[in-house]
file my_file-v1.tsv (TSV, C-alpha atoms (C1' of nucleotides))
chain	number	residue	atom	x	y	z
I	1	MET	CA	17.51	-22.42	30.22
I	2	ASN	CA	16.27	-19.00	29.16
I	3	LYS	CA	16.34	-17.62	25.65
I	4	THR	CA	19.45	-15.65	24.96
I	5	LEU	CA	18.28	-14.10	21.72
I	6	LYS	CA	19.58	-10.62	21.14
I	7	GLU	CA	16.15	-9.46	19.98
I	8	MET	CA	14.47	-10.73	23.11
I	9	ASP	CA	16.77	-8.58	25.19
I	10	VAL	CA	16.12	-5.59	22.97
I	11	LEU	CA	12.41	-6.13	23.48
I	12	ARG	CA	12.74	-6.57	27.24
I	13	GLN	CA	14.73	-3.38	27.47
I	14	HIS	CA	12.18	-1.47	25.43
I	15	LEU	CA	9.30	-2.78	27.52
I	16	GLU	CA	10.98	-1.84	30.76
I	17	LYS	CA	11.80	1.62	29.49
I	18	HIS	CA	8.16	2.27	28.64
I	19	GLN	CA	6.46	0.51	31.55
I	20	LEU	CA	5.09	-2.20	29.30
I	21	LYS	CA	4.76	-5.85	30.13
I	22	LEU	CA	6.25	-9.01	28.72
I	23	THR	CA	3.32	-11.23	27.85
I	24	ARG	CA	2.97	-14.74	26.57
I	25	GLN	CA	1.64	-13.33	23.28
I	26	ARG	CA	4.57	-10.98	22.79
I	27	GLU	CA	7.05	-13.77	23.29
I	28	LEU	CA	5.15	-16.04	20.98
I	29	ILE	CA	4.90	-13.43	18.22
I	30	LEU	CA	8.55	-12.42	18.53
I	31	THR	CA	9.74	-16.00	18.22
I	32	ALA	CA	7.62	-16.52	15.14
I	33	PHE	CA	8.62	-13.17	13.65
I	34	LEU	CA	12.35	-13.84	13.95
I	35	ARG	CA	11.97	-16.88	11.76
I	36	GLN	CA	10.74	-14.70	8.88
I	37	GLU	CA	12.54	-12.31	6.59
I	38	HIS	CA	9.32	-10.34	6.24
I	39	ILE	CA	5.67	-11.08	6.86
I	40	THR	CA	2.25	-9.47	6.93
I	41	ALA	CA	0.07	-9.35	10.03
I	42	GLU	CA	-2.56	-11.43	8.26
I	43	ALA	CA	-0.05	-14.14	7.31
I	44	MET	CA	1.26	-14.29	10.84
I	45	TYR	CA	-2.29	-14.52	12.13
I	46	HIS	CA	-2.91	-17.65	10.10
I	47	GLN	CA	0.47	-19.09	10.89
I	48	LEU	CA	-0.01	-18.72	14.63
I	49	ALA	CA	-3.64	-19.85	14.62
I	50	LYS	CA	-2.34	-23.40	14.97
I	51	LYS	CA	-0.37	-22.66	18.11
I	52	ASP	CA	-2.93	-20.35	19.68
I	53	PRO	CA	-6.36	-20.26	18.05
I	54	HIS	CA	-7.48	-17.42	20.29
I	55	LEU	CA	-4.68	-15.03	19.40
I	56	GLY	CA	-6.41	-11.96	17.97
I	57	LEU	CA	-5.47	-10.17	14.78
I	58	ALA	CA	-5.46	-6.85	16.62
I	59	THR	CA	-2.84	-8.22	18.97
I	60	ILE	CA	-0.63	-9.18	16.04
I	61	TYR	CA	-0.89	-5.67	14.62
I	62	ARG	CA	-0.25	-4.09	18.00
I	63	THR	CA	2.72	-6.31	18.64
I	64	LEU	CA	4.33	-5.90	15.23
I	65	ASN	CA	3.99	-2.14	15.62
I	66	LEU	CA	5.57	-2.49	19.03
I	67	PHE	CA	8.49	-4.31	17.42
I	68	CYS	CA	8.86	-1.38	15.05
I	69	GLU	CA	9.07	1.01	17.95
I	70	ALA	CA	11.60	-1.23	19.63
I	71	GLY	CA	13.69	-1.26	16.45
I	72	ILE	CA	13.29	-4.98	15.82
I	73	ALA	CA	10.95	-4.70	12.85
I	74	GLN	CA	10.39	-2.24	10.06
I	75	ALA	CA	7.03	-1.58	8.41
I	76	ARG	CA	6.97	-1.29	4.66
I	77	HIS	CA	3.87	-0.62	2.57
I	78	PHE	CA	3.92	-2.93	-0.38
I	79	GLY	CA	1.00	-3.31	-2.74
I	80	THR	CA	-2.10	-2.97	-0.63
I	81	GLN	CA	-0.62	-4.50	2.51
I	82	THR	CA	1.98	-3.72	5.11
I	83	GLN	CA	5.05	-5.90	5.25
I	84	TYR	CA	6.90	-6.13	8.52
I	85	ASP	CA	10.57	-6.64	7.76
I	86	ASN	CA	12.91	-8.43	10.11
I	87	ILE	CA	15.70	-5.89	10.45
I	88	SER	CA	18.28	-8.31	11.78
I	89	HIS	CA	17.95	-10.36	8.62
I	90	LYS	CA	20.63	-9.20	6.20
I	91	GLY	CA	20.32	-11.15	2.97
I	92	HIS	CA	18.43	-8.51	1.06
I	93	HIS	CA	17.46	-8.95	-2.57
I	94	ASP	CA	16.71	-6.32	-5.15
I	95	HIS	CA	14.44	-7.01	-8.10
I	96	LEU	CA	14.54	-6.81	-11.86
I	97	ILE	CA	10.97	-6.98	-13.09
I	98	CYS	CA	9.91	-7.57	-16.70
I	99	THR	CA	6.94	-5.39	-17.60
I	100	GLY	CA	6.15	-7.72	-20.48
I	101	CYS	CA	5.86	-11.13	-18.87
I	102	GLY	CA	6.15	-10.34	-15.17
I	103	THR	CA	9.31	-12.35	-14.64
I	104	ILE	CA	11.21	-11.33	-11.52
I	105	VAL	CA	14.98	-11.71	-11.30
I	106	GLU	CA	16.61	-11.20	-7.92
I	107	PHE	CA	20.02	-9.65	-7.68
I	108	GLU	CA	22.49	-8.23	-5.25
I	109	ASN	CA	25.04	-5.53	-5.89
I	110	CYS	CA	27.41	-4.47	-3.15
I	111	GLU	CA	28.58	-1.42	-5.02
I	112	ILE	CA	25.02	-0.07	-5.26
I	113	GLU	CA	24.53	-0.76	-1.56
I	114	ARG	CA	27.70	1.11	-0.76
I	115	LEU	CA	26.55	4.13	-2.77
I	116	GLN	CA	23.20	4.04	-1.03
I	117	GLU	CA	24.96	4.30	2.32
I	118	GLU	CA	26.96	7.19	0.97
I	119	VAL	CA	23.83	9.08	-0.12
I	120	ALA	CA	22.15	8.39	3.21
I	121	THR	CA	25.12	9.59	5.23
I	122	LYS	CA	25.37	12.72	3.13
I	123	ASN	CA	21.76	13.49	4.08
I	124	GLY	CA	22.13	12.63	7.75
I	125	PHE	CA	20.21	9.38	7.50
I	126	VAL	CA	20.99	5.95	8.87
I	127	ILE	CA	19.47	3.31	6.59
I	128	GLN	CA	17.37	0.55	8.09
I	129	THR	CA	16.24	-1.08	4.90
I	130	HIS	CA	15.71	-0.29	1.25
I	131	ARG	CA	13.85	-1.25	-1.84
I	132	LEU	CA	15.21	-1.23	-5.36
I	133	GLU	CA	13.12	-2.33	-8.29
I	134	LEU	CA	14.18	-2.05	-11.91
I	135	TYR	CA	11.36	-2.28	-14.44
I	136	GLY	CA	12.04	-3.14	-18.05
I	137	LEU	CA	11.79	-5.71	-20.78
I	138	CYS	CA	13.63	-9.01	-20.69
I	139	SER	CA	15.35	-10.27	-23.82
I	140	ARG	CA	12.49	-12.58	-24.77
I	141	CYS	CA	9.86	-9.84	-24.50
I	142	ARG	CA	11.95	-7.53	-26.70
I	143	HIS	CA	11.66	-10.25	-29.45
M	1	MET	CA	-4.55	21.58	-33.50
M	2	ASN	CA	-3.99	18.27	-31.76
M	3	LYS	CA	-1.92	17.76	-28.66
M	4	THR	CA	1.56	16.55	-29.40
M	5	LEU	CA	2.46	15.47	-25.89
M	6	LYS	CA	4.62	12.40	-25.76
M	7	GLU	CA	2.51	10.94	-22.96
M	8	MET	CA	-0.69	11.37	-24.92
M	9	ASP	CA	0.81	9.27	-27.67
M	10	VAL	CA	1.94	6.66	-25.20
M	11	LEU	CA	-1.59	6.53	-23.84
M	12	ARG	CA	-3.16	6.34	-27.30
M	13	GLN	CA	-0.84	3.50	-28.22
M	14	HIS	CA	-1.67	1.62	-25.03
M	15	LEU	CA	-5.41	2.09	-25.55
M	16	GLU	CA	-5.25	0.87	-29.13
M	17	LYS	CA	-3.22	-2.16	-28.15
M	18	HIS	CA	-5.79	-3.19	-25.57
M	19	GLN	CA	-8.99	-2.22	-27.42
M	20	LEU	CA	-9.70	0.59	-25.00
M	21	LYS	CA	-11.16	3.97	-25.86
M	22	LEU	CA	-9.93	7.49	-25.57
M	23	THR	CA	-12.51	9.39	-23.59
M	24	ARG	CA	-12.95	13.01	-22.58
M	25	GLN	CA	-12.29	11.99	-18.96
M	26	ARG	CA	-9.04	10.21	-19.76
M	27	GLU	CA	-7.73	13.21	-21.65
M	28	LEU	CA	-8.76	15.54	-18.86
M	29	ILE	CA	-7.16	13.43	-16.16
M	30	LEU	CA	-3.96	12.92	-18.13
M	31	THR	CA	-3.56	16.63	-18.74
M	32	ALA	CA	-4.04	17.37	-15.06
M	33	PHE	CA	-1.80	14.50	-14.00
M	34	LEU	CA	1.11	15.65	-16.16
M	35	ARG	CA	1.18	18.93	-14.30
M	36	GLN	CA	1.92	17.09	-11.05
M	37	GLU	CA	5.03	15.40	-9.85
M	38	HIS	CA	2.91	13.08	-7.71
M	39	ILE	CA	-0.65	13.16	-6.46
M	40	THR	CA	-3.29	11.06	-4.73
M	41	ALA	CA	-6.59	10.10	-6.32
M	42	GLU	CA	-8.46	12.05	-3.68
M	43	ALA	CA	-6.45	15.21	-4.30
M	44	MET	CA	-6.99	14.94	-8.02
M	45	TYR	CA	-10.70	14.44	-7.41
M	46	HIS	CA	-10.95	17.74	-5.58
M	47	GLN	CA	-8.72	19.52	-8.02
M	48	LEU	CA	-10.79	18.45	-11.02
M	49	ALA	CA	-14.14	19.03	-9.35
M	50	LYS	CA	-13.93	22.64	-10.55
M	51	LYS	CA	-13.54	21.68	-14.19
M	52	ASP	CA	-15.99	18.79	-14.15
M	53	PRO	CA	-18.15	18.45	-11.04
M	54	HIS	CA	-19.55	15.15	-12.25
M	55	LEU	CA	-16.23	13.38	-12.63
M	56	GLY	CA	-16.41	10.39	-10.30
M	57	LEU	CA	-13.77	9.31	-7.84
M	58	ALA	CA	-13.91	5.77	-9.20
M	59	THR	CA	-13.04	7.08	-12.63
M	60	ILE	CA	-9.99	8.83	-11.23
M	61	TYR	CA	-8.79	5.62	-9.60
M	62	ARG	CA	-9.48	3.60	-12.72
M	63	THR	CA	-7.69	6.09	-14.90
M	64	LEU	CA	-4.64	6.49	-12.69
M	65	ASN	CA	-4.30	2.73	-12.57
M	66	LEU	CA	-4.61	2.71	-16.34
M	67	PHE	CA	-1.74	5.20	-16.51
M	68	CYS	CA	0.33	2.81	-14.41
M	69	GLU	CA	-0.35	0.01	-16.86
M	70	ALA	CA	0.57	2.29	-19.72
M	71	GLY	CA	3.83	3.17	-17.99
M	72	ILE	CA	2.98	6.83	-17.54
M	73	ALA	CA	2.45	6.69	-13.80
M	74	GLN	CA	3.76	4.64	-10.92
M	75	ALA	CA	1.85	3.85	-7.75
M	76	ARG	CA	3.61	4.26	-4.45
M	77	HIS	CA	1.95	3.19	-1.21
M	78	PHE	CA	2.88	5.38	1.67
M	79	GLY	CA	1.09	5.56	4.99
M	80	THR	CA	-2.55	4.93	4.38
M	81	GLN	CA	-2.76	6.39	0.87
M	82	THR	CA	-1.48	5.71	-2.62
M	83	GLN	CA	0.63	8.29	-4.37
M	84	TYR	CA	0.66	8.23	-8.14
M	85	ASP	CA	4.05	9.42	-9.36
M	86	ASN	CA	4.48	11.07	-12.71
M	87	ILE	CA	7.28	9.05	-14.24
M	88	SER	CA	7.88	11.05	-17.38
M	89	HIS	CA	7.82	14.55	-16.01
M	90	LYS	CA	10.17	13.78	-13.23
M	91	GLY	CA	13.88	13.47	-13.77
M	92	HIS	CA	15.15	10.55	-11.79
M	93	HIS	CA	14.30	11.22	-8.22
M	94	ASP	CA	14.91	8.48	-5.79
M	95	HIS	CA	13.67	8.73	-2.24
M	96	LEU	CA	15.16	8.74	1.22
M	97	ILE	CA	12.30	8.18	3.61
M	98	CYS	CA	12.46	8.70	7.36
M	99	THR	CA	10.58	5.96	9.16
M	100	GLY	CA	10.34	8.18	12.21
M	101	CYS	CA	8.70	11.35	10.92
M	102	GLY	CA	7.84	10.47	7.32
M	103	THR	CA	10.06	13.13	5.81
M	104	ILE	CA	10.96	12.42	2.20
M	105	VAL	CA	14.25	13.60	0.74
M	106	GLU	CA	14.69	13.31	-3.01
M	107	PHE	CA	18.07	12.57	-4.47
M	108	GLU	CA	19.80	11.68	-7.69
M	109	ASN	CA	22.89	9.60	-8.12
M	110	CYS	CA	24.27	8.98	-11.57
M	111	GLU	CA	26.68	6.32	-10.38
M	112	ILE	CA	23.84	4.24	-8.97
M	113	GLU	CA	21.91	4.65	-12.21
M	114	ARG	CA	24.92	3.49	-14.16
M	115	LEU	CA	25.26	0.39	-12.00
M	116	GLN	CA	21.57	-0.32	-12.44
M	117	GLU	CA	22.03	-0.31	-16.20
M	118	GLU	CA	24.96	-2.63	-15.76
M	119	VAL	CA	22.94	-5.11	-13.72
M	120	ALA	CA	20.08	-4.95	-16.22
M	121	THR	CA	22.31	-5.53	-19.21
M	122	LYS	CA	23.99	-8.44	-17.49
M	123	ASN	CA	20.57	-10.03	-17.14
M	124	GLY	CA	19.41	-9.24	-20.66
M	125	PHE	CA	17.02	-6.49	-19.59
M	126	VAL	CA	16.47	-3.02	-20.99
M	127	ILE	CA	15.30	-0.73	-18.20
M	128	GLN	CA	12.21	1.40	-18.69
M	129	THR	CA	11.96	2.84	-15.23
M	130	HIS	CA	12.99	2.10	-11.69
M	131	ARG	CA	12.20	2.74	-8.09
M	132	LEU	CA	14.70	3.16	-5.31
M	133	GLU	CA	13.60	3.91	-1.79
M	134	LEU	CA	15.92	4.04	1.20
M	135	TYR	CA	14.21	3.75	4.56
M	136	GLY	CA	15.89	4.92	7.71
M	137	LEU	CA	16.05	7.49	10.45
M	138	CYS	CA	16.92	11.12	9.81
M	139	SER	CA	19.30	12.88	12.19
M	140	ARG	CA	16.51	14.52	14.14
M	141	CYS	CA	14.65	11.26	14.74
M	142	ARG	CA	17.86	9.64	15.98
M	143	HIS	CA	18.06	12.42	18.61
V	1	DT	C1'	-24.01	10.05	-40.91
V	2	DT	C1'	-26.22	6.51	-38.81
V	3	DT	C1'	-25.87	2.29	-36.47
V	4	DG	C1'	-24.63	-0.93	-33.03
V	5	DA	C1'	-21.42	-3.65	-30.34
V	6	DA	C1'	-18.30	-2.92	-26.82
V	7	DA	C1'	-16.07	-0.03	-23.58
V	8	DT	C1'	-16.74	3.62	-20.09
V	9	DT	C1'	-18.83	6.36	-16.75
V	10	DG	C1'	-20.97	7.98	-12.28
V	11	DA	C1'	-23.10	6.80	-8.11
V	12	DT	C1'	-22.97	3.97	-4.62
V	13	DA	C1'	-22.37	-0.42	-2.38
V	14	DA	C1'	-19.03	-3.45	-0.84
V	15	DA	C1'	-14.43	-5.09	0.32
V	16	DC	C1'	-10.38	-4.38	2.49
V	17	DC	C1'	-6.85	-3.17	5.91
V	18	DG	C1'	-5.64	-1.45	9.99
V	19	DT	C1'	-7.03	0.91	14.36
V	20	DC	C1'	-10.09	1.76	18.25
V	21	DT	C1'	-13.10	0.38	22.09
V	22	DC	C1'	-13.97	-1.87	26.23
V	23	DA	C1'	-14.90	-5.47	29.49
V	24	DA	C1'	-12.34	-9.34	31.12
V	25	DG	C1'	-7.85	-11.18	32.09
V	26	DA	C1'	-2.80	-11.19	33.07
V	27	DG	C1'	1.75	-9.10	34.70
V	28	DG	C1'	4.60	-7.86	38.32
V	29	DA	C1'	6.08	-4.59	42.08
V	30	DT	C1'	5.05	-4.44	46.69
N	1	DA	C1'	-1.62	-12.61	47.71
N	2	DT	C1'	-2.89	-7.95	46.56
N	3	DC	C1'	-3.79	-4.24	43.61
N	4	DC	C1'	-2.92	-1.21	40.11
N	5	DT	C1'	-1.89	-1.04	35.52
N	6	DC	C1'	-1.19	-2.86	31.11
N	7	DT	C1'	-2.84	-6.24	27.70
N	8	DT	C1'	-5.90	-9.05	25.34
N	9	DG	C1'	-9.71	-10.70	22.24
N	10	DA	C1'	-13.72	-9.79	19.73
N	11	DG	C1'	-15.96	-6.97	17.13
N	12	DA	C1'	-17.18	-2.19	15.76
N	13	DC	C1'	-15.39	1.40	13.19
N	14	DG	C1'	-13.17	4.65	9.65
N	15	DG	C1'	-10.73	5.65	5.54
N	16	DT	C1'	-9.15	4.04	1.05
N	17	DT	C1'	-9.80	1.47	-3.01
N	18	DT	C1'	-12.45	-1.69	-5.92
N	19	DA	C1'	-16.79	-3.90	-7.74
N	20	DT	C1'	-21.42	-3.41	-9.52
N	21	DC	C1'	-24.61	-1.97	-12.95
N	22	DA	C1'	-27.73	0.83	-15.67
N	23	DA	C1'	-27.09	4.64	-18.65
N	24	DT	C1'	-23.99	6.82	-21.75
N	25	DT	C1'	-20.19	7.36	-24.94
N	26	DT	C1'	-16.82	5.83	-28.31
N	27	DC	C1'	-15.59	4.44	-32.82
N	28	DA	C1'	-15.49	1.29	-36.67
N	29	DA	C1'	-18.26	-0.30	-40.20
N	30	DA	C1'	-22.18	0.22	-43.07

call {"tool": "encode", "arguments": {"input": "my_file-v1.tsv", "output": "structure tokens"}}
result
Amino acid sequence: MNKTLKEMDVLRQHLEKHQLKLTRQRELILTAFLRQEHITAEAMYHQLAKKDPHLGLATIYRTLNLFCEAGIAQARHFGTQTQYDNISHKGHHDHLICTGCGTIVEFENCEIERLQEEVATKNGFVIQTHRLELYGLCSRCRH
Amino acid sequence: MNKTLKEMDVLRQHLEKHQLKLTRQRELILTAFLRQEHITAEAMYHQLAKKDPHLGLATIYRTLNLFCEAGIAQARHFGTQTQYDNISHKGHHDHLICTGCGTIVEFENCEIERLQEEVATKNGFVIQTHRLELYGLCSRCRH
DNA sequence: TTTGAAATTGATAAACCGTCTCAAGAGGAT
DNA sequence: ATCCTCTTGAGACGGTTTATCAATTTCAAA
């Protein structure tokens, strides 16, 4: 039985459209990628080293960038590295970060998300992903 | 007459608290930084080369990172470089970023800010600053 | 004002991340 | 099965940021 994953079809379509080829590596990386919410190329390299020790880091980068072009992934520069976000994954968390002790509280707020959509639409954008970080002091650090 | 800039006081306070010293270079870089809305270390290096040809690039990086720790600046990684945003000088600009062409649209939304405060309060936080970035495709990049 | 411990600087080396190169290998239309 | 093209792996490479370290500067205390 063949895979019937939506993303695999998206990839196949993209490859065909651009005269690219479906390789063992691309299938392998896609399968692994879809299990993540977001991952770096380096992390995926180590993760896949077990399954295929000869899979090159350059191939991971090339393939994750390919996924971005195909609309399956989304690159996001975070800290010093690039995070590749799995777009199909919906459970997104925003962060409240204490500048005193570094505590991170995750939250979700539908109303904020709705307003974000509104702003985007007003500017002709279609949102793929977002990042919201609130920095401040938690109650303990305020004494 | 001494400078009475709010940011200079913030810096002085941070330095004192961490047993750091106020140097000619730190004053120079702060003054230049406050004139910008956001800038890269490299750009600041070239800009300040006229005033002080011996100012090192490493010092710029160190100092801008110091400003981040002091809460005067905020680092934002975009593409291959790091942008240092001037937090104080800027109102509250959030960013809409096109993942296709890199265009950045700034926006403000009071309602979102209000909801952010609400979330923070609910979690016992007092917000100092925040970062909101919406990633997506602009109308041109969607064809 | 002089002194001295500790922090800072400038110059450059090194680390780091991501891309490029290219010969060898794999995909797939015919 | 063939052949043309795309892809891969390994390492070189380039640009950005950080680490190193001797010389210099700051600043608190004498």

call {"tool": "interface_residues", "arguments": {"input": "my_file-v1.tsv", "of": "chain V", "to": "chain I", "cutoff": "10 Å", "atoms": "all atoms listed in the file", "output": "list in words"}}
result
DC16, DC17, DG18, DT19, DC20, DA26, DG27 and DG28 of chain V

call {"tool": "atom_distance", "arguments": {"input": "my_file-v1.tsv", "atom1": "atom CA of M:Thr129", "atom2": "atom CA of I:Leu134"}}
result
6.3 Å

call {"tool": "closest_atom_pairs", "arguments": {"input": "my_file-v1.tsv", "of": "chain N", "to": "chain M", "cutoff": "10 Å", "atoms": "all atoms listed in the file", "output": "Markdown table"}}
result
| residue | atom | partner | partner_atom | distance |
| --- | --- | --- | --- | --- |
| N:DG15 | C1' | M:Thr80 | CA | 8.3 |
| N:DT16 | C1' | M:Gln81 | CA | 6.8 |
| N:DT17 | C1' | M:Tyr61 | CA | 7.9 |
| N:DT18 | C1' | M:Ala58 | CA | 8.3 |
| N:DT25 | C1' | M:Thr23 | CA | 8.1 |
| N:DT26 | C1' | M:Lys21 | CA | 6.4 |
| N:DC27 | C1' | M:Lys21 | CA | 8.3 |

call {"tool": "write_last_selection", "arguments": {"input": "my_file-v1.tsv", "atoms": "C-alpha atoms (C1' of nucleotides)", "output": "PDB file, in the coordinates of the input"}}
result
ATOM      1  C1'  DG N  15     -10.730   5.650   5.540  1.00  0.00           C
ATOM      2  C1'  DT N  16      -9.150   4.040   1.050  1.00  0.00           C
ATOM      3  C1'  DT N  17      -9.800   1.470  -3.010  1.00  0.00           C
ATOM      4  C1'  DT N  18     -12.450  -1.690  -5.920  1.00  0.00           C
ATOM      5  C1'  DT N  25     -20.190   7.360 -24.940  1.00  0.00           C
ATOM      6  C1'  DT N  26     -16.820   5.830 -28.310  1.00  0.00           C
ATOM      7  C1'  DC N  27     -15.590   4.440 -32.820  1.00  0.00           C
TER       8       DC N  27
END

call {"tool": "interface_residues", "arguments": {"input": "my_file-v1.tsv", "of": "chain I", "to": "chain M", "cutoff": "10 Å", "atoms": "all atoms listed in the file", "output": "ChimeraX atom specification"}}
result
/I:68-69,74-82,94-99,105,107-109,111-117,119-121,123-142

call {"tool": "calpha_fit_and_write", "arguments": {"input": "my_file-v1.tsv", "fixed": "chain M", "moving": "chain I", "output": "tab-separated table (two decimals) with C-alpha atoms, in the frame of the given file"}}
result
chain	number	residue	atom	x	y	z
I	1	MET	CA	-4.63	23.59	-33.28
I	2	ASN	CA	-4.55	20.07	-31.90
I	3	LYS	CA	-2.46	18.89	-28.99
I	4	THR	CA	0.85	17.51	-30.09
I	5	LEU	CA	1.79	15.94	-26.78
I	6	LYS	CA	3.78	12.77	-27.12
I	7	GLU	CA	1.68	11.09	-24.42
I	8	MET	CA	-1.55	11.91	-26.18
I	9	ASP	CA	-0.31	10.09	-29.25
I	10	VAL	CA	0.79	7.14	-27.15
I	11	LEU	CA	-2.69	7.01	-25.66
I	12	ARG	CA	-4.41	7.32	-29.04
I	13	GLN	CA	-2.31	4.51	-30.41
I	14	HIS	CA	-3.09	2.29	-27.44
I	15	LEU	CA	-6.80	2.99	-27.69
I	16	GLU	CA	-6.89	2.20	-31.38
I	17	LYS	CA	-4.96	-1.01	-30.87
I	18	HIS	CA	-7.47	-2.23	-28.31
I	19	GLN	CA	-10.70	-0.92	-29.85
I	20	LEU	CA	-11.16	1.62	-27.09
I	21	LYS	CA	-12.49	5.11	-27.46
I	22	LEU	CA	-11.05	8.54	-26.86
I	23	THR	CA	-13.45	10.27	-24.51
I	24	ARG	CA	-13.69	13.72	-23.07
I	25	GLN	CA	-12.88	12.27	-19.63
I	26	ARG	CA	-9.76	10.48	-20.82
I	27	GLU	CA	-8.41	13.62	-22.39
I	28	LEU	CA	-9.21	15.64	-19.33
I	29	ILE	CA	-7.56	13.16	-16.96
I	30	LEU	CA	-4.48	12.78	-19.14
I	31	THR	CA	-3.93	16.52	-19.32
I	32	ALA	CA	-4.22	16.81	-15.56
I	33	PHE	CA	-2.05	13.76	-14.96
I	34	LEU	CA	0.83	15.04	-17.10
I	35	ARG	CA	1.11	18.07	-14.88
I	36	GLN	CA	1.92	15.85	-11.88
I	37	GLU	CA	5.02	13.92	-10.95
I	38	HIS	CA	2.82	11.45	-9.10
I	39	ILE	CA	-0.69	11.52	-7.72
I	40	THR	CA	-3.33	9.35	-6.11
I	41	ALA	CA	-6.73	8.71	-7.66
I	42	GLU	CA	-8.39	10.39	-4.69
I	43	ALA	CA	-6.26	13.53	-5.03
I	44	MET	CA	-6.99	13.74	-8.72
I	45	TYR	CA	-10.68	13.29	-8.00
I	46	HIS	CA	-10.70	16.37	-5.79
I	47	GLN	CA	-8.50	18.32	-8.13
I	48	LEU	CA	-10.76	17.70	-11.11
I	49	ALA	CA	-14.00	18.19	-9.19
I	50	LYS	CA	-13.69	21.89	-9.99
I	51	LYS	CA	-13.52	21.35	-13.72
I	52	ASP	CA	-16.08	18.56	-13.87
I	53	PRO	CA	-18.12	17.97	-10.72
I	54	HIS	CA	-19.72	14.87	-12.20
I	55	LEU	CA	-16.50	13.04	-12.99
I	56	GLY	CA	-16.70	9.79	-11.02
I	57	LEU	CA	-13.97	8.34	-8.85
I	58	ALA	CA	-14.34	4.99	-10.59
I	59	THR	CA	-13.57	6.68	-13.88
I	60	ILE	CA	-10.37	8.14	-12.46
I	61	TYR	CA	-9.26	4.71	-11.27
I	62	ARG	CA	-10.19	3.10	-14.58
I	63	THR	CA	-8.39	5.76	-16.54
I	64	LEU	CA	-5.22	5.80	-14.46
I	65	ASN	CA	-5.07	2.02	-14.80
I	66	LEU	CA	-5.54	2.47	-18.52
I	67	PHE	CA	-2.57	4.84	-18.55
I	68	CYS	CA	-0.55	2.13	-16.84
I	69	GLU	CA	-1.45	-0.32	-19.55
I	70	ALA	CA	-0.56	2.23	-22.18
I	71	GLY	CA	2.82	2.77	-20.52
I	72	ILE	CA	2.17	6.39	-19.60
I	73	ALA	CA	1.77	5.86	-15.87
I	74	GLN	CA	3.15	3.47	-13.31
I	75	ALA	CA	1.28	2.33	-10.20
I	76	ARG	CA	3.20	2.21	-6.97
I	77	HIS	CA	1.78	1.12	-3.62
I	78	PHE	CA	2.94	3.54	-1.01
I	79	GLY	CA	1.63	3.53	2.53
I	80	THR	CA	-2.01	2.57	2.29
I	81	GLN	CA	-2.63	4.18	-1.08
I	82	THR	CA	-1.64	3.73	-4.68
I	83	GLN	CA	0.50	6.39	-6.27
I	84	TYR	CA	0.34	6.78	-10.01
I	85	ASP	CA	3.73	7.95	-11.22
I	86	ASN	CA	4.19	10.00	-14.35
I	87	ILE	CA	6.80	7.96	-16.19
I	88	SER	CA	7.87	10.72	-18.54
I	89	HIS	CA	8.86	12.83	-15.56
I	90	LYS	CA	12.56	12.26	-14.91
I	91	GLY	CA	13.62	14.28	-11.89
I	92	HIS	CA	13.46	11.45	-9.41
I	93	HIS	CA	14.43	11.89	-5.78
I	94	ASP	CA	15.57	9.29	-3.31
I	95	HIS	CA	15.05	9.72	0.42
I	96	LEU	CA	17.10	9.72	3.58
I	97	ILE	CA	14.69	9.34	6.47
I	98	CYS	CA	15.55	9.91	10.14
I	99	THR	CA	13.88	7.30	12.33
I	100	GLY	CA	14.30	9.59	15.31
I	101	CYS	CA	12.64	12.82	14.24
I	102	GLY	CA	11.13	11.92	10.88
I	103	THR	CA	13.17	14.41	8.91
I	104	ILE	CA	13.35	13.59	5.21
I	105	VAL	CA	16.34	14.59	3.11
I	106	GLU	CA	16.07	14.21	-0.65
I	107	PHE	CA	19.08	13.26	-2.68
I	108	GLU	CA	20.16	12.17	-6.10
I	109	ASN	CA	23.09	9.97	-6.98
I	110	CYS	CA	23.86	9.21	-10.60
I	111	GLU	CA	26.33	6.49	-9.74
I	112	ILE	CA	23.68	4.57	-7.77
I	113	GLU	CA	21.26	4.99	-10.66
I	114	ARG	CA	23.84	3.65	-13.06
I	115	LEU	CA	24.41	0.58	-10.89
I	116	GLN	CA	20.69	0.01	-10.66
I	117	GLU	CA	20.50	-0.10	-14.45
I	118	GLU	CA	23.37	-2.54	-14.45
I	119	VAL	CA	21.61	-4.88	-12.00
I	120	ALA	CA	18.38	-4.65	-13.97
I	121	THR	CA	20.05	-5.42	-17.28
I	122	LYS	CA	21.87	-8.36	-15.75
I	123	ASN	CA	18.47	-9.78	-14.75
I	124	GLY	CA	16.76	-9.04	-18.05
I	125	PHE	CA	14.71	-6.16	-16.70
I	126	VAL	CA	14.08	-2.72	-18.11
I	127	ILE	CA	13.52	-0.27	-15.25
I	128	GLN	CA	10.51	2.02	-15.33
I	129	THR	CA	10.92	3.58	-11.94
I	130	HIS	CA	12.48	2.88	-8.57
I	131	ARG	CA	12.33	3.66	-4.92
I	132	LEU	CA	15.28	4.04	-2.60
I	133	GLU	CA	14.84	4.90	1.03
I	134	LEU	CA	17.63	4.98	3.58
I	135	TYR	CA	16.52	4.84	7.20
I	136	GLY	CA	18.79	5.98	9.99
I	137	LEU	CA	19.54	8.59	12.58
I	138	CYS	CA	20.48	12.15	11.72
I	139	SER	CA	23.31	13.84	13.58
I	140	ARG	CA	21.00	15.66	15.97
I	141	CYS	CA	19.12	12.51	16.96
I	142	ARG	CA	22.40	10.69	17.66
I	143	HIS	CA	23.10	13.45	20.30

call {"tool": "closest_residue", "arguments": {"input": "my_file-v1.tsv", "among": "V:DT9, V:DA24, V:DT1, V:DT30", "to": "N:DA23", "atoms": "only C-alpha atoms (C1' of nucleotides)"}}
result
V:DT9
